[in-house]
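*Asks:* Below: one structure in structure tokens.
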There are 2 protein chains.
Amino acid sequence: MIDLEQLHDCYIKTSSKIVLLVVDGLGGLPHPDTGKSELETAHLPNLDAMARESACGLTIPVLPGVAPGSGPGHLALFGYDPLRYIIGRGALEALGIEVELRPGDVAARGNFCTVDGEGKLVDRRAGRIPTEFSAPLCHRLDTIELPGVQVDVFPVQDYRFVLRLRGEGLSEAITETDPQINGVPALTVKPIEAAGEKTANLVNDFVAQAGRLLAEEERGNMVLLRGWAQLPSLPPMRDIYRIDPAGIAAYPMYRGLATVANMRIVPTGKTFSDEVDTLHEEFANHDFFFIHYKPADAAGEDGDFGAKVKTLEDLDPLIPRIRELDPDVFMVAGDHSTPAIMAAHSWHPVPFMLHSKLTRGEGIPSFDERACGTGSIGTIPATQIMLLAMSHSGKLTKFGP
Amino acid sequence: MIDLEQLHDCYIKTSSKIVLLVVDGLGGLPHPDTGKSELETAHLPNLDAMARESACGLTIPVLPGVAPGSGPGHLALFGYDPLRYIIGRGALEALGIEVELRPGDVAARGNFCTVDGEGKLVDRRAGRIPTEFSAPLCHRLDTIELPGVQVDVFPVQDYRFVLRLRGEGLSEAITETDPQINGVPALTVKPIEAAGEKTANLVNDFVAQAGRLLAEEERGNMVLLRGWAQLPSLPPMRDIYRIDPAGIAAYPMYRGLATVANMRIVPTGKTFSDEVDTLHEEFANHDFFFIHYKPADAAGEDGDFGAKVKTLEDLDPLIPRIRELDPDVFMVAGDHSTPAIMAAHSWHPVPFMLHSKLTRGEGIPSFDERACGTGSIGTIPATQIMLLAMSHSGKLTKFGP
């Protein structure tokens with residue numbers, strides 16, 4: 001929706017405040033023993049009280065049936081069509097370890113592997129060497145020089161790293177080197193489009209140099225590179241919505257996603273309580289706040305129903321601390337569902353509520369999947385919640401005469 | 001939806017009758033003292049009885065969060081995507097005073113202003129001179145001649161007028177002359193695209209001539225022109241839906257909007273009761289009727305909650321007079337919400353009901369925002385109600401083999 005040109009003249013700058021709380025993996029599915037979802041099981045007096053005064057609904061992250069990763073799930077909540085603005089794997093991996101990506105940079109997911117004397121792959125993950133072994137190898141690769149391009153290699157974890165190339169005329173349109181099986185050599189990189197030829201040549205040069213620098217290693221004497229990605233060119237939230245957005249997230253990945261949307265990242269601590277403290281400190285300085293709650297998704301991905309219930313109950317007492325700031329619009333949303341019984345991200349529509357003085361207060365009794373499904377907002381694409389936030393805060397004016 | 005080519009062959013001509021009653025600004029918000037909206041507060045025995053027998057729902061005029069003007073609000077109800085078919089300000093102003101616009105005509109909102117000896121603006125509204133002063137000035141401007149183009153100037157009210165240019169090769173893609181501040185001269189018109197060059201030159205000629213004709217006036221010795229607009233090219237309802245549509249509206253603006261959608265305008269009186277009389281008289285002559293009720297919006301825009309309740313209660317006794325015609329489909333809809341507590345158009349989903357022999361009669365107890373929100377139609381884009389009207393009246397047949 002952010003790229004809907006017809007509305008651009010309708011956005012106005014005001015001093016009103018919007019808070020978007022994203023509960024990662026918010027939605028769930030009923031436990032087979034009780035028939036109740038995580039949200040329905042949890043004791044959530046503050047979220048439930050807020051639901052009674054809010055406009056409620058369900059959001060579809062991408063399309064019905066499509067389970068998103070963190071990238072598309074968040075971009076949609078910020079108003080970007082996740083089928084149009086795609087963050088590639090290499091770029092997301094870089095954002096996840098807080099590697100800065102500028103427009104034009106190309107990033108790849110790299111990993112160390114082990115090859116035999118003929119260059120054939122023996123172990124595509126180099127025996128899963130731990131970070132303490134791989135980090136020095138990364139520093140060695142970081143010394144590689146390529147003509148006209150800045151080369152940086154960043155350790156991720158165990159055998160994984162990020163390669164970032166920075167320079168003029170680079171392209172993500174090149175093939176990967178991982179053949180996906182052992183017993184064959186790594187693949188030579190080829191351009192997918194003509195624009196990729198220069199980058200393909202540079203990367204093949206990088207791989208050759210890496211092979212020489214790593215030749216003496218018993219495990220990890222070669223690299224594999226995949227997920228080539230540049231940042232998508234996103235219309236900045238700041239320019240389109242005429243807001244001054246701040247991102248508050250304890251986890252680097254979500255700070256990275258906020259950066260992609262052109263928010264200012266506000267330093268914060270390790271916990272959600274720290275994030276709420278930061279929200280209080282920064283509340284006067286911005287008019288839009290994205291604040292991220294991670295634990296619900298982590299517990300869901302672990303398949304731990306009880307733990308996910310607990311994360312929601314841990315969140316609930318902090319809701320009044322956000323509400324006491326009295327934002328003009330306070331939205332509670334999720335980037336996707338992560339039902340504990342699936343132990344994975346899912347496509348199920350995600351509970352959503354928007355609190356403002358201009359909602360009808362429809363008396364939805366609790367904040368959960370079934371109750372929100374009866375709300376006045378209905379089931380809408382996640383890309384539309386920013387329109388609701390903007391209008392309820394007086395920042396989106398009448399369309400058309 | 002009207003431009004959904006895949007359905008064009010599914011529309012068939014029948015003798016069945018559809019009535020679309022548009023209650024302008026229908027939806028509202030709860031009064032802070034009672035927690036009840038205007039519709040919930042009003043005593044509406046006839047609308048409530050109809051709701052019990054109807055399929056109910058809520059309509060979204062444009063998109064969630066987007067408050068529409070009258071133009072997009074009505075076009076959506078007629079089936080036109082309001083983000084695609086846009087009626088510019090000049091065109092809507094012309095329609096509002098019943099100035100005929102043909103495809104290709106360019107219209108602008110004009111106003112008299114006062115400039116000093118150096119041509120700098122002293123008063124952008126010429127002291128808000130009343131219509132009795134401005135109408136003769138309009139007649140004077142109406143004598144201006146431009147090469148190859150018919151020039152017409154129509155008084156609107158007070159210092160405002162409409163300029164209409166008619167001729168070959170005109171374009172709305174030109175800049176405005178109003179600098180929005182005093183102390184500087186009016187702006188010269190420039191083309192926004194190459195296609196606008198001819199029109200820009202003509203308009204600058206018009207402004208120069210206007211300056212000479214008005215030079216002796218103390219107040220209103222110059223004009224400002226803005227909101228350049230041509231009619232969008234709309235697929236006619238008549239052709240697409242294979243209906244013979246009639247528009248019945250006491251207010252010129254809504255007759256204009258009906259004209260844009262290619263309805264026949266049926267002359268009527270000043271009140272909604274007159275409109276219902278007209279509906280009775282014309283009922284045999286058409287198979288689709290758009291009938292417009294204005295007072296609810298006016299009261300809402302005034303911010304007068306009690307007055308808006310009253311307008312709804314005034315409407316209610318006239319519902320049986322429409323139902324006694326026994327139309328095959330009778331829809332009650334709104335172009336947008338106009339909550340009295342906002343004193344403005346809003347984005348809130350609008351109550352909607354459709355009565356026909358083929359609805360389920362779901363027992364919705366009353367015609368209001370919350371009750372309609374629980375109806376079987378759900379919350380749908382306003383552009384889809386014509387599909388429901390067509391199918392429930394037997395005019396939209398099976399899609400696909």
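Order determines the names: the first chain of the structure tokens is A, the second B, and so forth; residues in each chain are numbered 1 upward, and ligands are numbered 1 upward as they are shown.
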What lies within 12 Å of Ile248 of chain A using only C-alpha atoms, ignoring chain neighbours under 6 positions off, as a count of residues only?
*Replies:* 39
*Asks:* With a cut-off of 9 Å and counting only C-alpha atoms, select all residues of chain B in contact with chain A and give the selection as number ranges by chain.
*Replies:* B: 28-30, 35-37, 58, 62-73, 82-84, 86-89, 92-93, 341-342, 345-349, 369-370, 373-374, 378-380
*Asks:* Would you return as a ChimeraX atom specification the members of segment 137-318 of chain A that DSSP assigns to strand (DSSP E) on this structure's backbone?
*Replies:* /A:150-157,160-166,222-229,245-248,264-265,288-293
*Asks:* For Lys120 of chain B, find every residue with an atom within 12 Å (counting only C-alpha atoms), except residues of its own chain fewer than 5 positions away, and show them as an NGL selection string.
*Replies:* :B and (113-115 or 178-179 or 181-187 or 221-222)
*Asks:* What lies within 6 Å of segment 16-18 of chain A using only C-alpha atoms, ignoring chain neighbours under 5 positions off, as a PyMOL selection string?
*Replies:* chain A and resi 287-288+327-330+393
*Asks:* I need the residues of segment 11-83 of chain B that end up classed as helix (DSSP H, G or I) by DSSP on the backbone, written out as a ChimeraX atom specification.
*Replies:* /B:38-41,45-53,70-77
*Asks:* Output the selection as a compact mmCIF listing (two decimals), in the first residue's frame - C-alpha atoms for each residue.
*Replies:*
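Wrote it out as part.txt, contents follow:
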# COMPACT_ATOMS: atom_id res chain seq x y z
CA GLU B 38 -26.08 7.62 15.36
CA LEU B 39 -27.71 4.55 13.77
CA GLU B 40 -27.79 2.76 17.13
CA THR B 41 -29.36 5.80 18.77
CA PRO B 45 -38.40 0.49 12.88
CA ASN B 46 -38.54 0.14 9.10
CA LEU B 47 -34.81 -0.11 8.44
CA ASP B 48 -34.46 -2.54 11.34
CA ALA B 49 -37.31 -4.71 10.04
CA MET B 50 -35.68 -4.76 6.63
CA ALA B 51 -32.32 -5.72 8.16
CA ARG B 52 -33.90 -8.78 9.77
CA GLU B 53 -34.93 -10.03 6.29
CA SER B 70 -18.11 12.13 -2.65
CA GLY B 71 -16.61 11.25 -6.01
CA PRO B 72 -14.69 8.11 -5.09
CA GLY B 73 -17.39 7.12 -2.57
CA HIS B 74 -20.11 7.00 -5.21
CA LEU B 75 -18.03 5.61 -8.06
CA ALA B 76 -17.15 2.66 -5.81
CA LEU B 77 -20.82 1.90 -5.13
*Asks:* Extract, using only C-alpha atoms, all DNA, RNA and protein residues at most 7 Å from Ala108 of chain B, discarding same-chain residues fewer than 4 positions from it, and format them as a list of chain:residue names.
*Replies:*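 With the cut-off at 7 Å, the set is B:Gly90, B:Ala91, B:Val162, B:Leu163, B:Arg164, B:Leu225, B:Arg226, B:Gly227, B:Trp228, B:Ala229.
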*Asks:* Which polymer residues have any atom within 10 Å of an atom of Leu213 of chain A, counting only C-alpha atoms, with same-chain residues fewer than 6 positions away left out, as a list of chain:residue names?
*Replies:* A:Leu137, A:Arg140, A:Leu141, A:Thr143, A:Ile144, A:Val207, A:Asn221, A:Met222
*Asks:* For Asp3 of chain A, which residue out of A:Pro236, A:Pro351, A:Pro136, A:Gly104 is the nearest one, using only C-alpha atoms?
*Replies:*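 The shortest atom-to-atom distance to Asp3 of chain A comes from A:Pro236.
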